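Chemist: Quick one, final_36.cif (mmCIF, C-alpha atoms):
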```
data_target
#
loop_
_atom_site.group_PDB
_atom_site.id
_atom_site.type_symbol
_atom_site.label_atom_id
_atom_site.label_comp_id
_atom_site.auth_asym_id
_atom_site.auth_seq_id
_atom_site.Cartn_x
_atom_site.Cartn_y
_atom_site.Cartn_z
ATOM 1 C CA VAL A 28 123.121 189.673 66.823
ATOM 2 C CA THR A 29 121.987 187.174 69.371
ATOM 3 C CA VAL A 30 119.626 184.228 69.220
ATOM 4 C CA GLU A 31 116.438 185.264 70.973
ATOM 5 C CA PRO A 32 114.951 182.836 73.469
ATOM 6 C CA ARG A 33 111.850 182.047 71.443
ATOM 7 C CA VAL A 34 110.011 179.054 69.995
ATOM 8 C CA ASP A 35 107.267 179.957 67.537
ATOM 9 C CA LEU A 36 106.565 176.656 65.840
ATOM 10 C CA ILE A 37 106.946 173.074 67.014
ATOM 11 C CA THR A 38 106.945 170.660 64.092
ATOM 12 C CA LEU A 39 106.220 166.973 64.478
ATOM 13 C CA GLY A 40 107.339 164.769 61.607
ATOM 14 C CA VAL A 41 104.538 162.218 61.506
ATOM 15 C CA PRO A 42 104.671 158.872 59.707
ATOM 16 C CA ASP A 43 101.091 159.284 58.466
ATOM 17 C CA LEU A 44 99.602 162.720 57.966
ATOM 18 C CA ALA A 45 96.037 161.455 57.523
ATOM 19 C CA GLU A 46 96.265 159.707 60.867
ATOM 20 C CA ALA A 47 97.771 162.802 62.470
ATOM 21 C CA ARG A 48 94.899 164.905 61.114
ATOM 22 C CA ARG A 49 92.458 162.305 62.424
ATOM 23 C CA PHE A 50 93.909 162.477 65.922
ATOM 24 C CA TYR A 51 94.692 166.174 66.317
ATOM 25 C CA VAL A 52 92.099 167.885 64.127
ATOM 26 C CA GLU A 53 89.177 165.471 64.279
ATOM 27 C CA GLY A 54 89.863 163.611 67.536
ATOM 28 C CA LEU A 55 91.053 166.421 69.787
ATOM 29 C CA GLY A 56 89.089 168.963 67.761
ATOM 30 C CA TRP A 57 92.024 171.312 67.227
ATOM 31 C CA PRO A 58 91.228 173.613 64.303
ATOM 32 C CA ALA A 59 93.774 173.720 61.490
ATOM 33 C CA LEU A 60 95.023 177.222 60.862
ATOM 34 C CA LEU A 61 96.381 175.999 57.555
ATOM 35 C CA ASP A 62 96.032 172.651 55.810
ATOM 36 C CA LEU A 63 98.105 172.294 52.696
ATOM 37 C CA GLY A 64 97.532 168.580 52.347
ATOM 38 C CA ASP A 65 101.073 167.653 53.313
ATOM 39 C CA PHE A 66 101.437 170.206 56.082
ATOM 40 C CA VAL A 67 98.936 171.068 58.789
ATOM 41 C CA VAL A 68 99.403 174.008 61.149
ATOM 42 C CA ILE A 69 97.451 174.346 64.403
ATOM 43 C CA GLN A 70 97.611 177.317 66.734
ATOM 44 C CA VAL A 71 98.596 176.145 70.224
ATOM 45 C CA GLY A 72 98.605 179.347 72.253
ATOM 46 C CA HIS A 73 99.545 183.015 72.050
ATOM 47 C CA GLY A 74 101.736 183.444 68.989
ATOM 48 C CA ARG A 75 102.656 179.797 68.722
ATOM 49 C CA ALA A 76 101.796 176.936 66.421
ATOM 50 C CA LEU A 77 102.160 173.187 66.055
ATOM 51 C CA GLY A 78 103.047 171.892 62.613
ATOM 52 C CA LEU A 79 102.304 168.367 61.413
ATOM 53 C CA PHE A 80 104.527 167.422 58.522
ATOM 54 C CA GLY A 81 105.383 164.077 56.939
ATOM 55 C CA ALA A 82 108.314 162.511 58.765
ATOM 56 C CA GLU A 83 110.260 161.803 55.581
ATOM 57 C CA ALA A 84 109.514 165.242 54.158
ATOM 58 C CA LEU A 85 110.762 166.846 57.357
ATOM 59 C CA GLU A 86 114.006 164.879 57.301
ATOM 60 C CA ALA A 87 114.446 165.658 53.600
ATOM 61 C CA ASP A 88 113.898 169.332 54.323
ATOM 62 C CA ILE A 89 116.621 169.327 56.966
ATOM 63 C CA GLY A 90 118.797 167.354 54.572
ATOM 64 C CA ALA A 91 121.211 166.031 57.199
ATOM 65 C CA PRO A 92 119.928 163.055 59.143
ATOM 66 C CA PRO A 93 120.615 163.052 62.876
ATOM 67 C CA PRO A 94 123.199 160.574 64.139
ATOM 68 C CA ASP A 95 121.845 157.192 65.214
ATOM 69 C CA GLY A 96 120.362 157.420 68.639
ATOM 70 C CA ALA A 97 120.119 161.218 68.658
ATOM 71 C CA PRO A 98 117.128 162.447 70.633
ATOM 72 C CA GLY A 99 114.325 164.520 69.226
ATOM 73 C CA LEU A 100 113.904 162.489 66.058
ATOM 74 C CA GLY A 101 110.830 163.765 64.270
ATOM 75 C CA VAL A 102 110.756 167.066 66.113
ATOM 76 C CA THR A 103 112.003 170.521 65.215
ATOM 77 C CA LEU A 104 111.628 173.754 67.157
ATOM 78 C CA ALA A 105 111.414 176.815 64.972
ATOM 79 C CA GLN A 106 111.887 180.485 65.386
ATOM 80 C CA VAL A 107 110.441 182.892 62.869
ATOM 81 C CA VAL A 108 112.598 185.957 62.258
ATOM 82 C CA GLU A 109 111.823 189.190 60.456
ATOM 83 C CA SER A 110 114.000 188.947 57.349
ATOM 84 C CA GLU A 111 116.315 186.766 55.275
ATOM 85 C CA PRO A 112 119.455 188.490 56.591
ATOM 86 C CA ALA A 113 118.159 187.861 60.118
ATOM 87 C CA VAL A 114 118.039 184.121 59.361
ATOM 88 C CA THR A 115 121.699 184.191 58.371
ATOM 89 C CA ALA A 116 122.700 186.333 61.337
ATOM 90 C CA VAL A 117 120.864 184.170 63.861
ATOM 91 C CA VAL A 118 122.269 180.938 62.421
ATOM 92 C CA GLU A 119 125.768 182.474 62.660
ATOM 93 C CA ALA A 120 125.122 183.477 66.267
ATOM 94 C CA ALA A 121 123.993 179.924 67.045
ATOM 95 C CA ARG A 122 127.108 178.524 65.377
ATOM 96 C CA ALA A 123 129.263 180.869 67.462
ATOM 97 C CA ALA A 124 127.523 179.493 70.569
ATOM 98 C CA GLY A 125 128.472 175.944 69.613
ATOM 99 C CA ALA A 126 125.545 174.794 67.478
ATOM 100 C CA ARG A 127 126.226 172.450 64.584
ATOM 101 C CA VAL A 128 124.689 173.941 61.435
ATOM 102 C CA LEU A 129 122.805 171.239 59.539
ATOM 103 C CA LYS A 130 121.474 173.382 56.714
ATOM 104 C CA GLU A 131 123.103 176.634 55.789
ATOM 105 C CA PRO A 132 120.610 179.490 55.350
ATOM 106 C CA GLN A 133 118.945 179.158 51.963
ATOM 107 C CA ARG A 134 115.693 179.398 50.087
ATOM 108 C CA ALA A 135 113.074 176.975 51.449
ATOM 109 C CA PHE A 136 110.886 174.885 49.159
ATOM 110 C CA TRP A 137 107.808 176.709 50.522
ATOM 111 C CA GLY A 138 109.114 180.058 49.339
ATOM 112 C CA GLY A 139 110.660 181.370 52.528
ATOM 113 C CA PHE A 140 114.270 181.345 53.680
ATOM 114 C CA HIS A 141 115.653 179.179 56.445
ATOM 115 C CA GLY A 142 118.451 177.218 58.050
ATOM 116 C CA TYR A 143 118.678 174.399 60.603
ATOM 117 C CA PHE A 144 121.073 173.751 63.417
ATOM 118 C CA ALA A 145 121.457 171.088 66.085
ATOM 119 C CA ASP A 146 122.152 171.658 69.748
ATOM 120 C CA PRO A 147 125.024 169.650 71.321
ATOM 121 C CA PHE A 148 122.760 166.606 71.689
ATOM 122 C CA GLY A 149 121.181 166.644 68.247
ATOM 123 C CA PHE A 150 117.880 168.420 68.951
ATOM 124 C CA ARG A 151 117.103 170.362 65.798
ATOM 125 C CA TRP A 152 116.180 174.046 65.523
ATOM 126 C CA GLU A 153 114.987 175.869 62.436
ATOM 127 C CA ILE A 154 115.456 179.595 61.934
ATOM 128 C CA ALA A 155 113.037 180.807 59.273
ATOM 129 C CA HIS A 156 111.760 183.872 57.558
ATOM 130 C CA ASN A 157 108.201 183.417 56.354
ATOM 131 C CA ALA A 158 106.686 186.537 54.853
ATOM 132 C CA SER A 159 103.164 185.287 55.485
ATOM 133 C CA TRP A 160 103.604 184.550 59.218
ATOM 134 C CA ARG A 161 101.731 187.153 61.250
ATOM 135 C CA VAL A 162 100.940 187.421 64.938
ATOM 136 C CA ASP A 163 98.449 190.097 65.942
ATOM 137 C CA GLY A 164 98.206 191.921 69.264
ATOM 138 C CA GLU A 165 96.041 189.162 70.730
ATOM 139 C CA GLY A 166 98.572 186.518 69.719
ATOM 140 C CA ARG A 167 96.495 185.144 66.854
ATOM 141 C CA VAL A 168 98.733 183.568 64.246
ATOM 142 C CA SER A 169 97.889 183.799 60.582
ATOM 143 C CA LEU A 170 99.664 182.209 57.678
ATOM 144 C CA GLY A 171 99.120 182.173 53.986
ATOM 145 C CA SER A 172 98.212 184.562 51.245
ATOM 146 C CA GLY A 173 95.476 187.103 51.671
ATOM 147 C CA GLU A 174 95.831 187.285 55.414
ATOM 148 C CA VAL B 6 85.663 168.631 78.654
ATOM 149 C CA THR B 7 87.892 168.962 75.652
ATOM 150 C CA VAL B 8 91.644 169.108 75.213
ATOM 151 C CA GLU B 9 92.540 172.704 74.442
ATOM 152 C CA PRO B 10 94.930 173.325 71.566
ATOM 153 C CA ARG B 11 97.769 174.590 73.699
ATOM 154 C CA VAL B 12 101.448 173.902 74.359
ATOM 155 C CA ASP B 13 102.856 175.704 77.401
ATOM 156 C CA LEU B 14 106.104 173.875 78.012
ATOM 157 C CA ILE B 15 108.429 171.984 75.693
ATOM 158 C CA THR B 16 110.752 169.706 77.631
ATOM 159 C CA LEU B 17 113.972 168.358 76.190
ATOM 160 C CA GLY B 18 115.427 165.357 77.949
ATOM 161 C CA VAL B 19 119.131 166.066 77.677
ATOM 162 C CA PRO B 20 121.927 163.534 78.232
ATOM 163 C CA ASP B 21 124.022 166.109 80.104
ATOM 164 C CA LEU B 22 122.385 168.975 81.917
ATOM 165 C CA ALA B 23 125.641 170.863 82.502
ATOM 166 C CA GLU B 24 126.298 170.817 78.774
ATOM 167 C CA ALA B 25 122.723 171.899 78.051
ATOM 168 C CA ARG B 26 123.111 174.809 80.463
ATOM 169 C CA ARG B 27 126.413 175.695 78.791
ATOM 170 C CA PHE B 28 124.807 175.811 75.349
ATOM 171 C CA TYR B 29 121.423 177.360 76.068
ATOM 172 C CA VAL B 30 122.073 179.577 79.084
ATOM 173 C CA GLU B 31 125.719 180.553 78.619
ATOM 174 C CA GLY B 32 126.192 180.062 74.862
ATOM 175 C CA LEU B 33 122.937 181.416 73.499
ATOM 176 C CA GLY B 34 122.510 183.669 76.531
ATOM 177 C CA TRP B 35 118.983 182.538 77.326
ATOM 178 C CA PRO B 36 118.180 183.476 80.928
ATOM 179 C CA ALA B 37 116.974 180.663 83.173
ATOM 180 C CA LEU B 38 113.614 181.425 84.702
ATOM 181 C CA LEU B 39 114.247 178.635 87.167
ATOM 182 C CA ASP B 40 117.313 176.491 87.763
ATOM 183 C CA LEU B 41 116.797 173.674 90.207
ATOM 184 C CA GLY B 42 120.072 171.960 89.412
ATOM 185 C CA ASP B 43 118.433 169.042 87.649
ATOM 186 C CA PHE B 44 115.799 171.079 85.819
ATOM 187 C CA VAL B 45 116.261 174.351 83.989
ATOM 188 C CA VAL B 46 113.329 176.380 82.669
ATOM 189 C CA ILE B 47 113.761 179.121 80.076
ATOM 190 C CA GLN B 48 110.999 181.408 78.849
ATOM 191 C CA VAL B 49 110.729 181.149 75.052
ATOM 192 C CA GLY B 50 107.931 183.557 74.193
ATOM 193 C CA HIS B 51 104.564 184.788 75.439
ATOM 194 C CA GLY B 52 103.367 182.342 78.070
ATOM 195 C CA ARG B 53 105.638 179.547 76.997
ATOM 196 C CA ALA B 54 108.735 177.867 78.318
ATOM 197 C CA LEU B 55 111.450 175.409 77.392
ATOM 198 C CA GLY B 56 112.458 172.889 80.027
ATOM 199 C CA LEU B 57 115.817 171.130 80.119
ATOM 200 C CA PHE B 58 115.646 167.961 82.152
ATOM 201 C CA GLY B 59 117.933 164.943 82.400
ATOM 202 C CA ALA B 60 117.018 162.430 79.710
ATOM 203 C CA GLU B 61 116.866 159.509 82.135
ATOM 204 C CA ALA B 62 114.922 161.496 84.705
ATOM 205 C CA LEU B 63 112.401 162.473 82.024
ATOM 206 C CA GLU B 64 111.916 158.870 80.933
ATOM 207 C CA ALA B 65 111.640 157.759 84.562
ATOM 208 C CA ASP B 66 109.048 160.445 85.176
ATOM 209 C CA ILE B 67 106.930 159.210 82.260
ATOM 210 C CA GLY B 68 107.499 155.685 83.495
ATOM 211 C CA ALA B 69 106.580 153.962 80.233
ATOM 212 C CA PRO B 70 109.352 153.932 77.660
ATOM 213 C CA PRO B 71 108.308 154.621 74.071
ATOM 214 C CA PRO B 72 108.419 151.682 71.678
ATOM 215 C CA ASP B 73 111.696 151.225 69.798
ATOM 216 C CA GLY B 74 111.896 153.607 66.915
ATOM 217 C CA ALA B 75 109.112 155.867 68.174
ATOM 218 C CA PRO B 76 109.699 159.487 67.215
ATOM 219 C CA GLY B 77 110.066 162.323 69.646
ATOM 220 C CA LEU B 78 112.404 160.498 71.997
ATOM 221 C CA GLY B 79 113.615 162.967 74.577
ATOM 222 C CA VAL B 80 110.827 165.467 73.956
ATOM 223 C CA THR B 81 107.551 166.125 75.720
ATOM 224 C CA LEU B 82 104.986 168.804 75.019
ATOM 225 C CA ALA B 83 103.109 169.941 78.087
ATOM 226 C CA GLN B 84 99.930 171.746 78.817
ATOM 227 C CA VAL B 85 99.386 173.362 82.191
ATOM 228 C CA VAL B 86 95.797 173.191 83.399
ATOM 229 C CA GLU B 87 94.087 174.979 86.261
ATOM 230 C CA SER B 88 93.419 172.168 88.727
ATOM 231 C CA GLU B 89 93.987 168.510 89.566
ATOM 232 C CA PRO B 90 90.506 167.482 88.400
ATOM 233 C CA ALA B 91 91.233 169.273 85.119
ATOM 234 C CA VAL B 92 94.299 167.062 84.619
ATOM 235 C CA THR B 93 92.135 163.965 84.979
ATOM 236 C CA ALA B 94 89.395 165.339 82.746
ATOM 237 C CA VAL B 95 91.793 166.385 80.002
ATOM 238 C CA VAL B 96 93.635 163.061 80.054
ATOM 239 C CA GLU B 97 90.257 161.298 79.770
ATOM 240 C CA ALA B 98 89.294 163.512 76.838
ATOM 241 C CA ALA B 99 92.588 162.678 75.130
ATOM 242 C CA ARG B 100 92.013 158.970 75.741
ATOM 243 C CA ALA B 101 88.539 159.286 74.212
ATOM 244 C CA ALA B 102 90.151 160.879 71.150
ATOM 245 C CA GLY B 103 92.452 157.881 70.730
ATOM 246 C CA ALA B 104 95.486 158.794 72.810
ATOM 247 C CA ARG B 105 97.337 156.056 74.653
ATOM 248 C CA VAL B 106 97.665 157.011 78.308
ATOM 249 C CA LEU B 107 101.222 156.357 79.500
ATOM 250 C CA LYS B 108 100.857 157.636 83.045
ATOM 251 C CA GLU B 109 97.488 157.874 84.702
ATOM 252 C CA PRO B 110 96.919 161.217 86.452
ATOM 253 C CA GLN B 111 98.737 161.218 89.760
ATOM 254 C CA ARG B 112 100.875 163.225 92.128
ATOM 255 C CA ALA B 113 104.121 164.361 90.478
ATOM 256 C CA PHE B 114 107.457 164.137 92.277
ATOM 257 C CA TRP B 115 107.753 167.944 92.104
ATOM 258 C CA GLY B 116 104.554 168.393 94.088
ATOM 259 C CA GLY B 117 102.072 168.988 91.292
ATOM 260 C CA PHE B 118 99.681 166.566 89.629
ATOM 261 C CA HIS B 119 100.052 165.209 86.116
ATOM 262 C CA GLY B 120 99.552 162.516 83.525
ATOM 263 C CA TYR B 121 101.167 161.614 80.208
ATOM 264 C CA PHE B 122 99.721 160.328 76.980
ATOM 265 C CA ALA B 123 101.103 159.440 73.566
ATOM 266 C CA ASP B 124 99.637 160.417 70.231
ATOM 267 C CA PRO B 125 99.163 157.626 67.656
ATOM 268 C CA PHE B 126 102.841 157.798 66.671
ATOM 269 C CA GLY B 127 104.343 157.906 70.141
ATOM 270 C CA PHE B 128 104.924 161.651 70.607
ATOM 271 C CA ARG B 129 104.411 162.297 74.309
ATOM 272 C CA TRP B 130 102.189 164.945 75.909
ATOM 273 C CA GLU B 131 102.027 165.865 79.565
ATOM 274 C CA ILE B 132 98.959 167.397 81.176
ATOM 275 C CA ALA B 133 99.960 169.043 84.439
ATOM 276 C CA HIS B 134 98.665 171.170 87.232
ATOM 277 C CA ASN B 135 101.412 173.259 88.790
ATOM 278 C CA ALA B 136 100.193 175.650 91.440
ATOM 279 C CA SER B 137 103.237 177.875 91.014
ATOM 280 C CA TRP B 138 102.933 178.333 87.224
ATOM 281 C CA ARG B 139 101.754 181.878 86.493
ATOM 282 C CA VAL B 140 101.450 183.824 83.260
ATOM 283 C CA ASP B 141 100.776 187.539 83.618
ATOM 284 C CA GLY B 142 98.999 189.824 81.150
ATOM 285 C CA GLU B 143 102.224 190.430 79.225
ATOM 286 C CA GLY B 144 102.847 186.715 78.886
ATOM 287 C CA ARG B 145 105.629 186.620 81.454
ATOM 288 C CA VAL B 146 105.901 183.190 82.996
ATOM 289 C CA SER B 147 106.818 182.763 86.636
ATOM 290 C CA LEU B 148 107.413 179.584 88.541
ATOM 291 C CA GLY B 149 108.361 178.781 92.046
ATOM 292 C CA SER B 150 107.514 179.890 95.523
ATOM 293 C CA GLY B 151 107.107 183.526 96.346
ATOM 294 C CA GLU B 152 106.275 184.582 92.823
#
```
Step by step, read the file and then write its structure as structure tokens.
Modeler:
Amino acid sequence: VTVEPRVDLITLGVPDLAEARRFYVEGLGWPALLDLGDFVVIQVGHGRALGLFGAEALEADIGAPPPDGAPGLGVTLAQVVESEPAVTAVVEAARAAGARVLKEPQRAFWGGFHGYFADPFGFRWEIAHNASWRVDGEGRVSLGSGE
Amino acid sequence: VTVEPRVDLITLGVPDLAEARRFYVEGLGWPALLDLGDFVVIQVGHGRALGLFGAEALEADIGAPPPDGAPGLGVTLAQVVESEPAVTAVVEAARAAGARVLKEPQRAFWGGFHGYFADPFGFRWEIAHNASWRVDGEGRVSLGSGE
């Protein structure tokens, strides 16, 4: 197993989700693909999405705060993989390549399965399985039940 | 003119480019689409790329340091647009939506044309025209002369 060169979701941990929604959804006019109240997802190109998530909730989800002065605070880059075992295998492959695992693969609060690792500088990556993430042939992302 | 919901390039400002190359290119085995010595570009999905750039060079390129404690230090999200006037128009549209312009549209050191703005929290976005950026029908990105 290798770690594919792929970023599917960029998450910004924002101090104020209402303000983030005001800027990105209302101000820039970017339609929300999903708005769960505390998590907004916007499609930002073929097969890729931008997530807006509360900054504290994002850090709590990772569970291991970055060292003082680490770059990329408030940002995670995520890769969606096809199964729970794939999450574990990809996180192991990243560890073998020198990544520091911040969250061992486990059930996520949103029902999926995921793990986090940091690159040598502290930039955080999430490897996740989300059964409701779909990308069609045109690159349209869908998320959530019934889709 | 509106700002399209699109992220084409994620740039990480890394403290040590040799170490970044060791982790991403050698460790994870992600092929470099372009390696200019001080800037490495890796394709990370359909029509999208990850850039590794020296942290200081990235901040110098933006030219306006983020306020202390601003999130997203060392990260920029970039959108490639089709022309120089489009850079100016998109930056103006972002400003109208409440973005703080950090670098007015101007010639970039690498020969293109670009501007930077910050969202309300300080996350930085670059709007750039790069005549050598190409995405083919399969989503393959190419960069650089002769391609």
Chemist: Write out as a PDB file with C-alpha atoms, in the coordinates of the input every residue belonging to chain A that has an atom at most 8 Å from any atom of chain B, counting only C-alpha atoms.
Modeler:
```
ATOM      1  CA  THR A  29     121.987 187.174  69.371  1.00  0.00           C
ATOM      2  CA  VAL A  30     119.626 184.228  69.220  1.00  0.00           C
ATOM      3  CA  GLU A  31     116.438 185.264  70.973  1.00  0.00           C
ATOM      4  CA  PRO A  32     114.951 182.836  73.469  1.00  0.00           C
ATOM      5  CA  ARG A  33     111.850 182.047  71.443  1.00  0.00           C
ATOM      6  CA  VAL A  34     110.011 179.054  69.995  1.00  0.00           C
ATOM      7  CA  ASP A  35     107.267 179.957  67.537  1.00  0.00           C
ATOM      8  CA  LEU A  39     106.220 166.973  64.478  1.00  0.00           C
ATOM      9  CA  VAL A  41     104.538 162.218  61.506  1.00  0.00           C
ATOM     10  CA  PRO A  42     104.671 158.872  59.707  1.00  0.00           C
ATOM     11  CA  GLU A  46      96.265 159.707  60.867  1.00  0.00           C
ATOM     12  CA  ALA A  47      97.771 162.802  62.470  1.00  0.00           C
ATOM     13  CA  PHE A  50      93.909 162.477  65.922  1.00  0.00           C
ATOM     14  CA  GLY A  54      89.863 163.611  67.536  1.00  0.00           C
ATOM     15  CA  LEU A  55      91.053 166.421  69.787  1.00  0.00           C
ATOM     16  CA  GLY A  56      89.089 168.963  67.761  1.00  0.00           C
ATOM     17  CA  TRP A  57      92.024 171.312  67.227  1.00  0.00           C
ATOM     18  CA  ILE A  69      97.451 174.346  64.403  1.00  0.00           C
ATOM     19  CA  GLN A  70      97.611 177.317  66.734  1.00  0.00           C
ATOM     20  CA  VAL A  71      98.596 176.145  70.224  1.00  0.00           C
ATOM     21  CA  GLY A  72      98.605 179.347  72.253  1.00  0.00           C
ATOM     22  CA  HIS A  73      99.545 183.015  72.050  1.00  0.00           C
ATOM     23  CA  GLY A  74     101.736 183.444  68.989  1.00  0.00           C
ATOM     24  CA  PRO A  98     117.128 162.447  70.633  1.00  0.00           C
ATOM     25  CA  GLY A  99     114.325 164.520  69.226  1.00  0.00           C
ATOM     26  CA  LEU A 100     113.904 162.489  66.058  1.00  0.00           C
ATOM     27  CA  GLY A 101     110.830 163.765  64.270  1.00  0.00           C
ATOM     28  CA  VAL A 102     110.756 167.066  66.113  1.00  0.00           C
ATOM     29  CA  ALA A 120     125.122 183.477  66.267  1.00  0.00           C
ATOM     30  CA  ALA A 121     123.993 179.924  67.045  1.00  0.00           C
ATOM     31  CA  ALA A 124     127.523 179.493  70.569  1.00  0.00           C
ATOM     32  CA  GLY A 125     128.472 175.944  69.613  1.00  0.00           C
ATOM     33  CA  ALA A 126     125.545 174.794  67.478  1.00  0.00           C
ATOM     34  CA  ASP A 146     122.152 171.658  69.748  1.00  0.00           C
ATOM     35  CA  PRO A 147     125.024 169.650  71.321  1.00  0.00           C
ATOM     36  CA  PHE A 148     122.760 166.606  71.689  1.00  0.00           C
TER      37      PHE A 148
END
```
Chemist: Can you find the residues with an atom no farther than 12 Å from (118.0, 178.6, 51.0), counting all atoms listed in the file, and report them as a list in words?
Modeler: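 Selection result: Asp88, Ile89, Gly90, Glu111, Pro112, Val114, Thr115, Lys130, Glu131, Pro132, Gln133, Arg134, Ala135, Phe136, Trp137, Gly138, Gly139, Phe140, His141, Gly142, Tyr143, Ile154, Ala155 and His156 of chain A.
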Chemist: Work out where the centre of an axis-aligned box around every listed atom of region 68-77 of chain A lies and how long its edges are once 4 Å is added on each side; give both in Å to one decimal as JSON.
Modeler:
```
{"center_x": 100.1, "center_y": 178.3, "center_z": 66.7, "size_x": 13.2, "size_y": 18.3, "size_z": 19.1}
```
Chemist: Report, in Å with one decimal, the straight-line distance from CA of Gly142 (chain B) to CA of Ala83 (chain B).
Modeler: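 Distance between the two atoms: 20.5 Å.
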Chemist: When you draw a straight line from CA of Leu22 (chain B) to CA of Pro94 (chain A), how long is it in Å?
Modeler: 19.7 Å
Chemist: Do a neighbour search on Trp160 (chain A) at 9 Å with only C-alpha atoms, toss out local chain neighbours closer than 2 positions, and write the hits as a PDB file with C-alpha atoms, keeping the file's coordinate frame.
Modeler:
```pdb
ATOM      1  CA  VAL A 107     110.441 182.892  62.869  1.00  0.00           C
ATOM      2  CA  HIS A 156     111.760 183.872  57.558  1.00  0.00           C
ATOM      3  CA  ASN A 157     108.201 183.417  56.354  1.00  0.00           C
ATOM      4  CA  ALA A 158     106.686 186.537  54.853  1.00  0.00           C
ATOM      5  CA  VAL A 162     100.940 187.421  64.938  1.00  0.00           C
ATOM      6  CA  VAL A 168      98.733 183.568  64.246  1.00  0.00           C
ATOM      7  CA  SER A 169      97.889 183.799  60.582  1.00  0.00           C
ATOM      8  CA  LEU A 170      99.664 182.209  57.678  1.00  0.00           C
ATOM      9  CA  GLY A 171      99.120 182.173  53.986  1.00  0.00           C
TER      10      GLY A 171
END
```
Chemist: Record the distance separating CA of Gly78 (chain A) and CA of Arg48 (chain A), expressed in Å with one decimal.
Modeler: 10.8 Å
